[in-house]
Amino acid sequence: MQALTLVLGIETKAEYDSLRSQWVLNGSKIWITNGDIADLFTVFAKVFDHHSGKHVTTAFLVDKKFGGVTTGPNEKMMGIECAHSVTVSFVDVKIPSSHILGEIGQGFKIAMSTLNYGRFMIGVAMNSIMKKLLNICFNHVTSRIQFGKKLIEFEDIQYKIATMSSLIYATETLIFYISGLIDATSRPFDLEVASLKIFSTESAWHICDETIQILGGRGYMKANYNNSYFFRTMKLKKS
């Protein structure tokens, strides 16, 4: 069984072999991005901590050369077609103790820290997509003539463009603010990056939908702007 994105539900296990001073890893992970072409894997597994008497999450750096690492076929996704998504299986993988990342039991902390930077980059990517879509809309409404006037002259269109611009500005403000927090490293920024991910993905989804509305029939045609690509990409980022 795999825990998917539930870090606390990890079932992959590593047991310590005291005779050989190494860890033996068993389990599998699904939907691993580019897992079929990777040589190194950061693997989070449950290990038994003799000090606490409990199973704790620990991070390992696993080299494919250790043996026992296999990957399944590439599973096609709706979007982000440039990235592969595969199942990676670990069967009796022998791992030196030197390949533990951090300390035993620090896996959850490391995972959450990694997610924070990932969420930040999602916000940056969404901001870039929103700017591209706004540029497409602006070029269209300033050149398209309807009822003898350019679309930009209609109040409803002006409102849509203004709202899109405001969402982009707000997202970018969050990005710069969080960048300062990351550089300062004076305190955790979990709440801020979580807010950025939610706000940026919801805003990008709204702007993509508005783009199709503004472009009319052209917005639905792949040959013109391929808005379906943005929808499919953003659906994954919203998850």
# chains A, B, ... in the order shown; residues from 1 in each chain; ligands from 1

call {"tool": "select_by_dssp", "arguments": {"residues": "stretch 130-222 of chain A", "states": "helix (DSSP H, G or I)", "output": "VMD selection string"}}
result
chain A and resid 130 to 141 151 to 153 155 to 184 190 to 220

call {"tool": "closest_atom_pairs", "arguments": {"of": "stretch 34-137 of chain A", "to": "stretch 188-208 of chain A", "cutoff": "8 Å", "atoms": "only C-alpha atoms", "output": "JSON lines"}}
result
{"residue": "A:Asn116", "atom": "CA", "partner": "A:Val193", "partner_atom": "CA", "distance": 6.2}
{"residue": "A:Tyr117", "atom": "CA", "partner": "A:Val193", "partner_atom": "CA", "distance": 7.9}
{"residue": "A:Arg119", "atom": "CA", "partner": "A:Lys197", "partner_atom": "CA", "distance": 5.6}
{"residue": "A:Phe120", "atom": "CA", "partner": "A:Val193", "partner_atom": "CA", "distance": 5.5}
{"residue": "A:Ile122", "atom": "CA", "partner": "A:Lys197", "partner_atom": "CA", "distance": 6.4}
{"residue": "A:Gly123", "atom": "CA", "partner": "A:Lys197", "partner_atom": "CA", "distance": 5.4}
{"residue": "A:Met126", "atom": "CA", "partner": "A:Ser200", "partner_atom": "CA", "distance": 5.9}
{"residue": "A:Asn127", "atom": "CA", "partner": "A:Ser200", "partner_atom": "CA", "distance": 6.9}
{"residue": "A:Ile129", "atom": "CA", "partner": "A:Ala204", "partner_atom": "CA", "distance": 7.2}
{"residue": "A:Met130", "atom": "CA", "partner": "A:Ala204", "partner_atom": "CA", "distance": 5.6}
{"residue": "A:Leu133", "atom": "CA", "partner": "A:Cys208", "partner_atom": "CA", "distance": 6.9}
{"residue": "A:Leu134", "atom": "CA", "partner": "A:Ile207", "partner_atom": "CA", "distance": 7.8}

call {"tool": "write_last_selection", "arguments": {"atoms": "C-alpha atoms", "output": "PDB file, in the first residue's frame"}}
result
ATOM      1  CA  ASN A 116       7.018  24.402   1.714  1.00  0.00           C
ATOM      2  CA  TYR A 117       9.504  25.190  -1.052  1.00  0.00           C
ATOM      3  CA  ARG A 119       4.304  25.157  -2.648  1.00  0.00           C
ATOM      4  CA  PHE A 120       6.234  28.396  -3.072  1.00  0.00           C
ATOM      5  CA  ILE A 122       3.756  26.487  -7.483  1.00  0.00           C
ATOM      6  CA  GLY A 123       2.790  30.055  -6.621  1.00  0.00           C
ATOM      7  CA  MET A 126       0.846  30.147 -11.368  1.00  0.00           C
ATOM      8  CA  ASN A 127       1.804  33.816 -11.420  1.00  0.00           C
ATOM      9  CA  ILE A 129       0.699  31.487 -16.247  1.00  0.00           C
ATOM     10  CA  MET A 130      -1.681  34.253 -15.130  1.00  0.00           C
ATOM     11  CA  LEU A 133      -3.174  34.646 -19.997  1.00  0.00           C
ATOM     12  CA  LEU A 134      -3.686  38.318 -19.155  1.00  0.00           C
TER      13      LEU A 134
END

call {"tool": "residues_around", "arguments": {"residues": "A:Ala38", "least_positions_apart": "3", "cutoff": "12 Å", "atoms": "only C-alpha atoms", "output": "ChimeraX atom specification"}}
result
/A:32-35,41-42,62-65,69-71,83-86,88

call {"tool": "closest_residue", "arguments": {"among": "A:Val43, A:Ile175, A:Ile182, A:Ala162", "to": "A:Ala125", "atoms": "only C-alpha atoms"}}
result
A:Ile175

call {"tool": "select_by_dssp", "arguments": {"residues": "stretch 12-234 of chain A", "states": "strand (DSSP E or B)", "output": "PyMOL selection string"}}
result
chain A and resi 13-17+22-33+40-49+54-63+69-71+85-96+100-101+145-146+149-150

call {"tool": "write_last_selection", "arguments": {"atoms": "C-alpha atoms", "output": "PDB file, in the first residue's frame"}}
result
ATOM      1  CA  LYS A  13       9.548   0.336   6.069  1.00  0.00           C
ATOM      2  CA  ALA A  14      13.268   0.126   6.743  1.00  0.00           C
ATOM      3  CA  GLU A  15      14.725  -2.332   9.241  1.00  0.00           C
ATOM      4  CA  TYR A  16      18.195  -2.083  10.704  1.00  0.00           C
ATOM      5  CA  ASP A  17      20.560  -5.003  10.127  1.00  0.00           C
ATOM      6  CA  GLN A  22      22.941  -1.249   7.176  1.00  0.00           C
ATOM      7  CA  TRP A  23      19.245  -0.658   6.610  1.00  0.00           C
ATOM      8  CA  VAL A  24      16.984  -2.914   4.555  1.00  0.00           C
ATOM      9  CA  LEU A  25      14.211  -1.033   2.746  1.00  0.00           C
ATOM     10  CA  ASN A  26      10.950  -2.540   1.487  1.00  0.00           C
ATOM     11  CA  GLY A  27       7.900  -0.846   0.001  1.00  0.00           C
ATOM     12  CA  SER A  28       6.707   1.104  -3.000  1.00  0.00           C
ATOM     13  CA  LYS A  29       5.776   4.629  -3.990  1.00  0.00           C
ATOM     14  CA  ILE A  30       3.330   5.528  -6.743  1.00  0.00           C
ATOM     15  CA  TRP A  31       3.204   8.533  -9.086  1.00  0.00           C
ATOM     16  CA  ILE A  32       6.877   9.390  -8.704  1.00  0.00           C
ATOM     17  CA  THR A  33       7.826  12.195 -11.080  1.00  0.00           C
ATOM     18  CA  LEU A  40      18.906   8.963  -6.632  1.00  0.00           C
ATOM     19  CA  PHE A  41      15.700   8.849  -4.594  1.00  0.00           C
ATOM     20  CA  THR A  42      14.735  10.614  -1.395  1.00  0.00           C
ATOM     21  CA  VAL A  43      12.655   7.953   0.350  1.00  0.00           C
ATOM     22  CA  PHE A  44      10.618   8.412   3.516  1.00  0.00           C
ATOM     23  CA  ALA A  45      10.127   5.200   5.463  1.00  0.00           C
ATOM     24  CA  LYS A  46       8.961   3.992   8.850  1.00  0.00           C
ATOM     25  CA  VAL A  47      11.730   2.725  11.148  1.00  0.00           C
ATOM     26  CA  PHE A  48      11.619   1.458  14.715  1.00  0.00           C
ATOM     27  CA  ASP A  49      13.198   3.879  17.162  1.00  0.00           C
ATOM     28  CA  LYS A  54       7.793   3.704  18.378  1.00  0.00           C
ATOM     29  CA  HIS A  55       7.917   3.633  14.597  1.00  0.00           C
ATOM     30  CA  VAL A  56       9.039   7.015  13.287  1.00  0.00           C
ATOM     31  CA  THR A  57       9.405   8.483   9.807  1.00  0.00           C
ATOM     32  CA  THR A  58      12.983   8.741   8.561  1.00  0.00           C
ATOM     33  CA  ALA A  59      14.427  10.049   5.291  1.00  0.00           C
ATOM     34  CA  PHE A  60      16.909   8.014   3.251  1.00  0.00           C
ATOM     35  CA  LEU A  61      18.944   8.844   0.163  1.00  0.00           C
ATOM     36  CA  VAL A  62      18.675   5.728  -2.013  1.00  0.00           C
ATOM     37  CA  ASP A  63      20.994   5.125  -4.942  1.00  0.00           C
ATOM     38  CA  VAL A  69      14.999  -0.678  -7.063  1.00  0.00           C
ATOM     39  CA  THR A  70      12.575  -1.163  -9.965  1.00  0.00           C
ATOM     40  CA  THR A  71      10.204   1.162 -11.793  1.00  0.00           C
ATOM     41  CA  SER A  85       4.895   9.411 -13.552  1.00  0.00           C
ATOM     42  CA  VAL A  86       5.814   5.887 -12.436  1.00  0.00           C
ATOM     43  CA  THR A  87       5.623   3.444  -9.544  1.00  0.00           C
ATOM     44  CA  VAL A  88       8.968   2.833  -7.817  1.00  0.00           C
ATOM     45  CA  SER A  89       9.367  -0.405  -5.860  1.00  0.00           C
ATOM     46  CA  PHE A  90      12.008  -1.211  -3.245  1.00  0.00           C
ATOM     47  CA  VAL A  91      12.683  -4.866  -2.443  1.00  0.00           C
ATOM     48  CA  ASP A  92      15.339  -5.624   0.192  1.00  0.00           C
ATOM     49  CA  VAL A  93      17.332  -2.529  -0.743  1.00  0.00           C
ATOM     50  CA  LYS A  94      20.522  -2.360   1.328  1.00  0.00           C
ATOM     51  CA  ILE A  95      21.208   1.183   2.509  1.00  0.00           C
ATOM     52  CA  PRO A  96      24.342   2.322   4.417  1.00  0.00           C
ATOM     53  CA  ILE A 100      20.143   8.692   6.371  1.00  0.00           C
ATOM     54  CA  LEU A 101      19.165  12.345   5.825  1.00  0.00           C
ATOM     55  CA  ILE A 145     -14.188  44.880 -32.724  1.00  0.00           C
ATOM     56  CA  GLN A 146     -17.762  44.137 -31.627  1.00  0.00           C
ATOM     57  CA  LYS A 149     -16.282  49.247 -30.652  1.00  0.00           C
ATOM     58  CA  LYS A 150     -13.192  47.526 -29.322  1.00  0.00           C
TER      59      LYS A 150
END

call {"tool": "atom_distance", "arguments": {"atom1": "atom CA of A:Gly9", "atom2": "atom CA of A:Thr114"}}
result
17.3 Å
